[in-house]
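**Student:** What follows is a structure written as structure tokens; I'll ask about it next.
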Amino acid sequence: MDDNQLLRYSRHILLPQIGIEGQEKLLAAHALIIGAGGLGSPVALYLAASGIGTLTICDGDSVDLTNLQRQIAHFTHSLGSNKALSAQRTVAAINPDIRAVAIPQRVEGDELSLLVSQADIVVDASDNFATRHAINRACVAHRKPLVSGAAIRFDGQVTVFDLRRPDSPCYHCLFPEQGDGEEMRCAVMGVFAPLVGIVGSIQAAEALKLLAGAGESLAGRLLLIDALTMQIRSVRLQKDPACAVCGAGGR
């Protein structure tokens with residue numbers, strides 16, 4: 001690290017759990033963020049500010065006026081812009097030393113698999129079950145840690161699927177694809193603006209801890225947040241031995 005980096009990241013370096021060695025790991029890391037909306041915005045901002053060396057941000061949607069209530073990577077002058085490109089501009093303004101790559105389209109199939117294979121960590125900030133399951137399958141295939149979050153109304157959840165570990169459950173263990181049922185969208189159900197900031201910030205924290213090798217992650221636990229009463233609880237998760245993606249059922 002040069003003198004400017006030592007100063008910029010000094011508050012991380014002062015933490016014994018991170019220090020210079022941990023910060024250097026962050027500077028060398030590559031994070032893939034799927035979704036640049038309510039969850040992806042705080043994730044991208046905090047990962048950029050913290051010095052993640054490369055951020056790849058994927059989103060095929062454009063910024064509209066209803067997004068500005070909660071999607072803090074975008075501004076009024078961003079209306080009509082692609083969200084990945086808008087977020088790329090914002091994180092570049094926060095930290096011009098990192099490499100921010102925008103993928104201004106929905107990624108799927110072979111392209112998604114390639115992007116996951118190139119990343120050190122994947123953050124799922126998407127808003128639909130089909131994308132979440134596709135991301136999960138790619139992370140299982142490439143054994144990449146996956147930080148998953150969701151928020152609707154006043155309810156949020158965050159967990160980590162550390163798919164480098166053979167005993168780790170995957171997203172499909174928790175939410176089987178055939179059991180997804182009806183999609184719940186913010187456009188119909190509504191969402192409390194700060195909730196996505198809370199969930200996205202926790203996702204960023206989990207990604208940073210995993211990359212720096214600090215603390216204990218949410219792997220094996222699902223954090224449930226009720227923002228209306230501000231109660232937070234966690235439940236243990238177990239791997240499904242018969243899971244169609246990561247278990248015997250997928251072999």
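Letters for chains follow the order of the structure tokens (A, B, ...), residue numbers begin at 1 for each chain, and ligand numbers begin at 1 in the order shown.
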Need the shell around Leu237 (chain A): protein/DNA/RNA residues with any atom at most 7 Å away, counting only C-alpha atoms. Skip same-chain ones fewer than 4 positions apart. Format as number ranges by chain?

**Tutor:** A: 220-222

**Student:** If you count only C-alpha atoms, which residues fall within 12 Å of Leu39 (chain A), apart from same-chain ones fewer than 3 positions away, as a VMD selection string?

**Tutor:** chain A and resid 33 to 36 42 to 46 67 70 to 73 87 123 to 127 147 to 152 156 to 158 191 193 to 204

**Student:** If we count only C-alpha atoms and set the cut-off at 12 Å, which residues sit around Gln23 (chain A), ignoring sequence neighbours fewer than 2 positions away in its own chain? Please answer as an MDAnalysis selection string.

**Tutor:** chainID A and resid 1 5:21 25:29 47 49:53 208:209 211:214

**Student:** Could you give me, as a list in words, the residues within 6 Å of region 128-139 of chain A, counting only C-alpha atoms and dropping anything in the same chain fewer than 4 positions from it?

**Tutor:** Ser113, Arg143 and Lys144 of chain A

**Student:** DSSP on the backbone, then: every residue of region 35-168 of chain A marked helix (DSSP H, G or I), written as JSON, numbers by chain.

**Tutor:** {"A": [40, 41, 42, 43, 44, 45, 46, 47, 48, 49, 50, 65, 66, 67, 68, 69, 76, 77, 78, 83, 84, 85, 86, 87, 88, 89, 90, 91, 92, 93, 94, 109, 110, 111, 112, 113, 114, 115, 116, 117, 118, 129, 130, 131, 132, 133, 134, 135, 136, 137, 138, 139, 140, 141, 142]}

**Student:** Which is closest to Ile225 (chain A) among A:Arg99, A:Ala84, A:Pro241, A:Phe154, if we use only C-alpha atoms?

**Tutor:** A:Phe154

**Student:** Which neighbours of region 166-173 of chain A fall inside 7 Å, counting only C-alpha atoms, when residues of the same chain fewer than 4 positions from it are skipped, and could you give them as a list in words?

**Tutor:**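 With the cut-off at 7 Å, the set is His133, Asn136, Phe161, Asp162, Glu177, Gly220, Gln238, Lys239, Asp240, Cys243, Val245 and Cys246 of chain A.
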
**Student:** Write the residues you've just listed into a file as a short mmCIF file (atom, residue, chain, number, x, y, z; two decimals), in the first residue's frame, and include all heavy atoms for each of them.

**Tutor:**
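Once everything was written out, this is result19.cif:
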```
data_model
loop_
_atom_site.label_atom_id
_atom_site.label_comp_id
_atom_site.auth_asym_id
_atom_site.auth_seq_id
_atom_site.Cartn_x
_atom_site.Cartn_y
_atom_site.Cartn_z
N HIS A 133 -31.86 -18.36 -7.57
CA HIS A 133 -31.54 -19.78 -7.77
C HIS A 133 -30.43 -19.96 -8.80
O HIS A 133 -29.57 -20.84 -8.65
CB HIS A 133 -32.79 -20.55 -8.17
CG HIS A 133 -33.67 -20.89 -7.01
ND1 HIS A 133 -33.31 -21.81 -6.05
CD2 HIS A 133 -34.90 -20.44 -6.65
CE1 HIS A 133 -34.27 -21.91 -5.14
NE2 HIS A 133 -35.25 -21.08 -5.48
N ASN A 136 -27.21 -19.13 -7.07
CA ASN A 136 -26.87 -20.21 -6.15
C ASN A 136 -26.26 -21.40 -6.88
O ASN A 136 -25.24 -21.95 -6.45
CB ASN A 136 -28.12 -20.64 -5.39
CG ASN A 136 -27.86 -21.79 -4.44
OD1 ASN A 136 -27.16 -21.66 -3.46
ND2 ASN A 136 -28.43 -22.96 -4.75
N PHE A 161 -23.89 -18.36 2.49
CA PHE A 161 -23.71 -19.75 2.08
C PHE A 161 -22.25 -19.90 1.67
O PHE A 161 -21.86 -19.47 0.59
CB PHE A 161 -24.64 -20.10 0.91
CG PHE A 161 -26.11 -19.87 1.21
CD1 PHE A 161 -26.80 -18.82 0.62
CD2 PHE A 161 -26.78 -20.71 2.07
CE1 PHE A 161 -28.14 -18.60 0.89
CE2 PHE A 161 -28.14 -20.50 2.35
CZ PHE A 161 -28.81 -19.45 1.76
N ASP A 162 -21.44 -20.44 2.58
CA ASP A 162 -20.00 -20.57 2.30
C ASP A 162 -19.78 -21.89 1.58
O ASP A 162 -19.46 -22.91 2.20
CB ASP A 162 -19.17 -20.49 3.58
CG ASP A 162 -17.69 -20.29 3.28
OD1 ASP A 162 -17.29 -20.52 2.11
OD2 ASP A 162 -16.94 -19.90 4.19
N GLU A 177 -36.65 -24.67 -5.04
CA GLU A 177 -37.12 -23.93 -6.21
C GLU A 177 -38.60 -24.16 -6.48
O GLU A 177 -39.33 -23.24 -6.82
CB GLU A 177 -36.28 -24.29 -7.43
CG GLU A 177 -36.38 -23.31 -8.55
CD GLU A 177 -35.21 -23.40 -9.51
OE1 GLU A 177 -34.35 -24.28 -9.32
OE2 GLU A 177 -35.17 -22.60 -10.45
N GLY A 220 -24.38 -20.76 8.01
CA GLY A 220 -25.13 -21.67 8.86
C GLY A 220 -26.18 -21.00 9.72
O GLY A 220 -26.84 -21.66 10.54
N GLN A 238 -29.46 -25.88 8.28
CA GLN A 238 -28.83 -27.18 8.07
C GLN A 238 -28.80 -27.51 6.59
O GLN A 238 -29.73 -27.18 5.86
CB GLN A 238 -29.61 -28.28 8.82
CG GLN A 238 -29.64 -28.11 10.33
CD GLN A 238 -28.29 -28.35 10.97
OE1 GLN A 238 -27.46 -29.10 10.46
NE2 GLN A 238 -28.06 -27.69 12.12
N LYS A 239 -27.76 -28.16 6.17
CA LYS A 239 -27.65 -28.63 4.79
C LYS A 239 -28.67 -29.75 4.57
O LYS A 239 -28.86 -30.61 5.44
CB LYS A 239 -26.25 -29.17 4.54
CG LYS A 239 -25.98 -29.65 3.11
CD LYS A 239 -24.57 -30.21 3.02
CE LYS A 239 -24.24 -30.71 1.63
NZ LYS A 239 -24.03 -29.61 0.69
N ASP A 240 -29.35 -29.72 3.44
CA ASP A 240 -30.29 -30.77 3.07
C ASP A 240 -29.52 -31.84 2.31
O ASP A 240 -29.07 -31.60 1.18
CB ASP A 240 -31.41 -30.20 2.20
CG ASP A 240 -32.40 -31.26 1.75
OD1 ASP A 240 -32.26 -32.43 2.17
OD2 ASP A 240 -33.30 -30.93 0.96
N CYS A 243 -30.63 -32.29 -1.17
CA CYS A 243 -30.81 -31.09 -1.99
C CYS A 243 -30.50 -31.36 -3.47
O CYS A 243 -29.48 -31.99 -3.79
CB CYS A 243 -29.89 -29.97 -1.46
SG CYS A 243 -29.94 -28.46 -2.45
N VAL A 245 -29.46 -29.35 -5.57
CA VAL A 245 -28.35 -28.54 -6.08
C VAL A 245 -27.03 -28.90 -5.43
O VAL A 245 -26.05 -29.16 -6.13
CB VAL A 245 -28.65 -27.04 -5.88
CG1 VAL A 245 -27.45 -26.18 -6.32
CG2 VAL A 245 -29.89 -26.63 -6.67
N CYS A 246 -26.99 -28.93 -4.09
CA CYS A 246 -25.71 -29.16 -3.41
C CYS A 246 -25.61 -30.53 -2.74
O CYS A 246 -24.54 -30.90 -2.23
CB CYS A 246 -25.45 -28.07 -2.38
SG CYS A 246 -26.53 -28.14 -0.92
#
```

**Student:** Taking only C-alpha atoms into account, name the residue in A:Thr90, A:Asn4, A:Gln118, A:Gln69 that is nearest to Ala31 (chain A).

**Tutor:**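 Ranking A:Thr90, A:Asn4, A:Gln118, A:Gln69 by distance to Ala31 (chain A), first place goes to A:Gln118.
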
**Student:** Between A:Val101, A:Leu224, A:Leu85, A:Val107, which residue has the minimum interatomic distance to Leu55 (chain A), considering only C-alpha atoms?

**Tutor:**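 Of the candidates, the smallest distance to Leu55 (chain A) is held by A:Val101.
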
**Student:** Could you state the separation of CA of Met230 (chain A) and CA of His74 (chain A) in Å, given to one decimal place?

**Tutor:** 26.6 Å

**Student:** I want to know what sits within 7 Å of Ala100 (chain A), based on only C-alpha atoms, with residues of the same chain fewer than 2 positions away left out; could you give that as a list in words?

**Tutor:**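 Using only C-alpha atoms, the neighbours found are Thr54, Leu55, Thr56, Gln88, Ala92, Ile98 and Ala102 of chain A.
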
**Student:** With C-alpha atoms retained, export the selected residues as a PDB file, in the first residue's frame.

**Tutor:**
```pdb
ATOM      1  CA  THR A  54     -12.410  -4.985  -8.190  1.00  0.00           C
ATOM      2  CA  LEU A  55     -16.182  -4.645  -8.114  1.00  0.00           C
ATOM      3  CA  THR A  56     -18.284  -6.130 -10.883  1.00  0.00           C
ATOM      4  CA  GLN A  88     -20.290   2.419 -11.312  1.00  0.00           C
ATOM      5  CA  ALA A  92     -15.792   5.685  -8.771  1.00  0.00           C
ATOM      6  CA  ILE A  98     -10.673   0.683  -7.208  1.00  0.00           C
ATOM      7  CA  ALA A 102     -20.489  -2.422 -14.946  1.00  0.00           C
TER       8      ALA A 102
END
```

**Student:** DSSP on the backbone, then: every residue of region 20-246 of chain A marked strand (DSSP E or B), written as number ranges by chain.

**Tutor:** A: 30-34, 54-58, 62, 82, 99-103, 121-124, 145-153, 155-162, 191, 219, 221-226, 231-236

**Student:** Residues of the last selection are to be written out with C-alpha atoms, as an mmCIF file, in the first residue's frame.

**Tutor:**
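result_32.cif was written with the following content:
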```
data_model
loop_
_atom_site.group_PDB
_atom_site.id
_atom_site.type_symbol
_atom_site.label_atom_id
_atom_site.label_comp_id
_atom_site.auth_asym_id
_atom_site.auth_seq_id
_atom_site.Cartn_x
_atom_site.Cartn_y
_atom_site.Cartn_z
ATOM 1 C CA HIS A 30 -12.811 -9.253 -6.577
ATOM 2 C CA ALA A 31 -16.473 -9.033 -5.539
ATOM 3 C CA LEU A 32 -19.388 -9.730 -7.868
ATOM 4 C CA ILE A 33 -22.613 -7.871 -7.014
ATOM 5 C CA ILE A 34 -25.788 -9.019 -8.737
ATOM 6 C CA THR A 54 -12.410 -4.985 -8.190
ATOM 7 C CA LEU A 55 -16.182 -4.645 -8.114
ATOM 8 C CA THR A 56 -18.284 -6.130 -10.883
ATOM 9 C CA ILE A 57 -21.821 -4.735 -10.718
ATOM 10 C CA CYS A 58 -24.593 -6.333 -12.785
ATOM 11 C CA SER A 62 -32.861 1.596 -15.495
ATOM 12 C CA ASN A 82 -28.812 1.923 -16.433
ATOM 13 C CA ARG A 99 -11.672 -0.983 -10.481
ATOM 14 C CA ALA A 100 -15.437 -0.881 -10.998
ATOM 15 C CA VAL A 101 -16.868 -2.896 -13.883
ATOM 16 C CA ALA A 102 -20.489 -2.422 -14.946
ATOM 17 C CA ILE A 103 -22.444 -5.176 -16.687
ATOM 18 C CA ILE A 121 -17.106 -13.589 -3.395
ATOM 19 C CA VAL A 122 -20.638 -13.148 -4.754
ATOM 20 C CA VAL A 123 -23.260 -10.848 -3.249
ATOM 21 C CA ASP A 124 -26.844 -11.596 -4.250
ATOM 22 C CA PRO A 145 -19.047 -17.956 -0.968
ATOM 23 C CA LEU A 146 -22.438 -16.343 -1.470
ATOM 24 C CA VAL A 147 -23.835 -13.502 0.661
ATOM 25 C CA SER A 148 -27.608 -13.470 0.282
ATOM 26 C CA GLY A 149 -30.074 -10.785 1.363
ATOM 27 C CA ALA A 150 -33.722 -9.896 0.879
ATOM 28 C CA ALA A 151 -36.094 -7.178 2.089
ATOM 29 C CA ILE A 152 -39.818 -6.566 1.716
ATOM 30 C CA ARG A 153 -42.229 -4.378 3.701
ATOM 31 C CA ASP A 155 -38.928 -7.669 7.007
ATOM 32 C CA GLY A 156 -35.357 -8.442 6.044
ATOM 33 C CA GLN A 157 -33.082 -11.447 6.038
ATOM 34 C CA VAL A 158 -29.388 -12.066 5.509
ATOM 35 C CA THR A 159 -27.265 -15.192 5.417
ATOM 36 C CA VAL A 160 -24.008 -16.544 4.051
ATOM 37 C CA PHE A 161 -23.712 -19.751 2.076
ATOM 38 C CA ASP A 162 -19.998 -20.567 2.299
ATOM 39 C CA VAL A 191 -40.590 -1.603 1.385
ATOM 40 C CA ALA A 219 -22.624 -19.168 7.498
ATOM 41 C CA ARG A 221 -27.347 -18.938 10.327
ATOM 42 C CA LEU A 222 -30.223 -16.902 8.908
ATOM 43 C CA LEU A 223 -30.509 -13.393 10.382
ATOM 44 C CA LEU A 224 -34.119 -12.176 10.495
ATOM 45 C CA ILE A 225 -34.826 -8.461 10.905
ATOM 46 C CA ASP A 226 -38.181 -6.938 11.852
ATOM 47 C CA GLN A 231 -36.104 -7.025 16.702
ATOM 48 C CA ILE A 232 -33.368 -9.205 15.257
ATOM 49 C CA ARG A 233 -33.050 -12.943 15.679
ATOM 50 C CA SER A 234 -31.103 -15.718 14.029
ATOM 51 C CA VAL A 235 -32.026 -19.303 13.258
ATOM 52 C CA ARG A 236 -29.696 -22.185 12.525
#
```

**Student:** CA of Pro104 (chain A) and CA of Phe175 (chain A) are how many Å apart?

**Tutor:** 27.8 Å
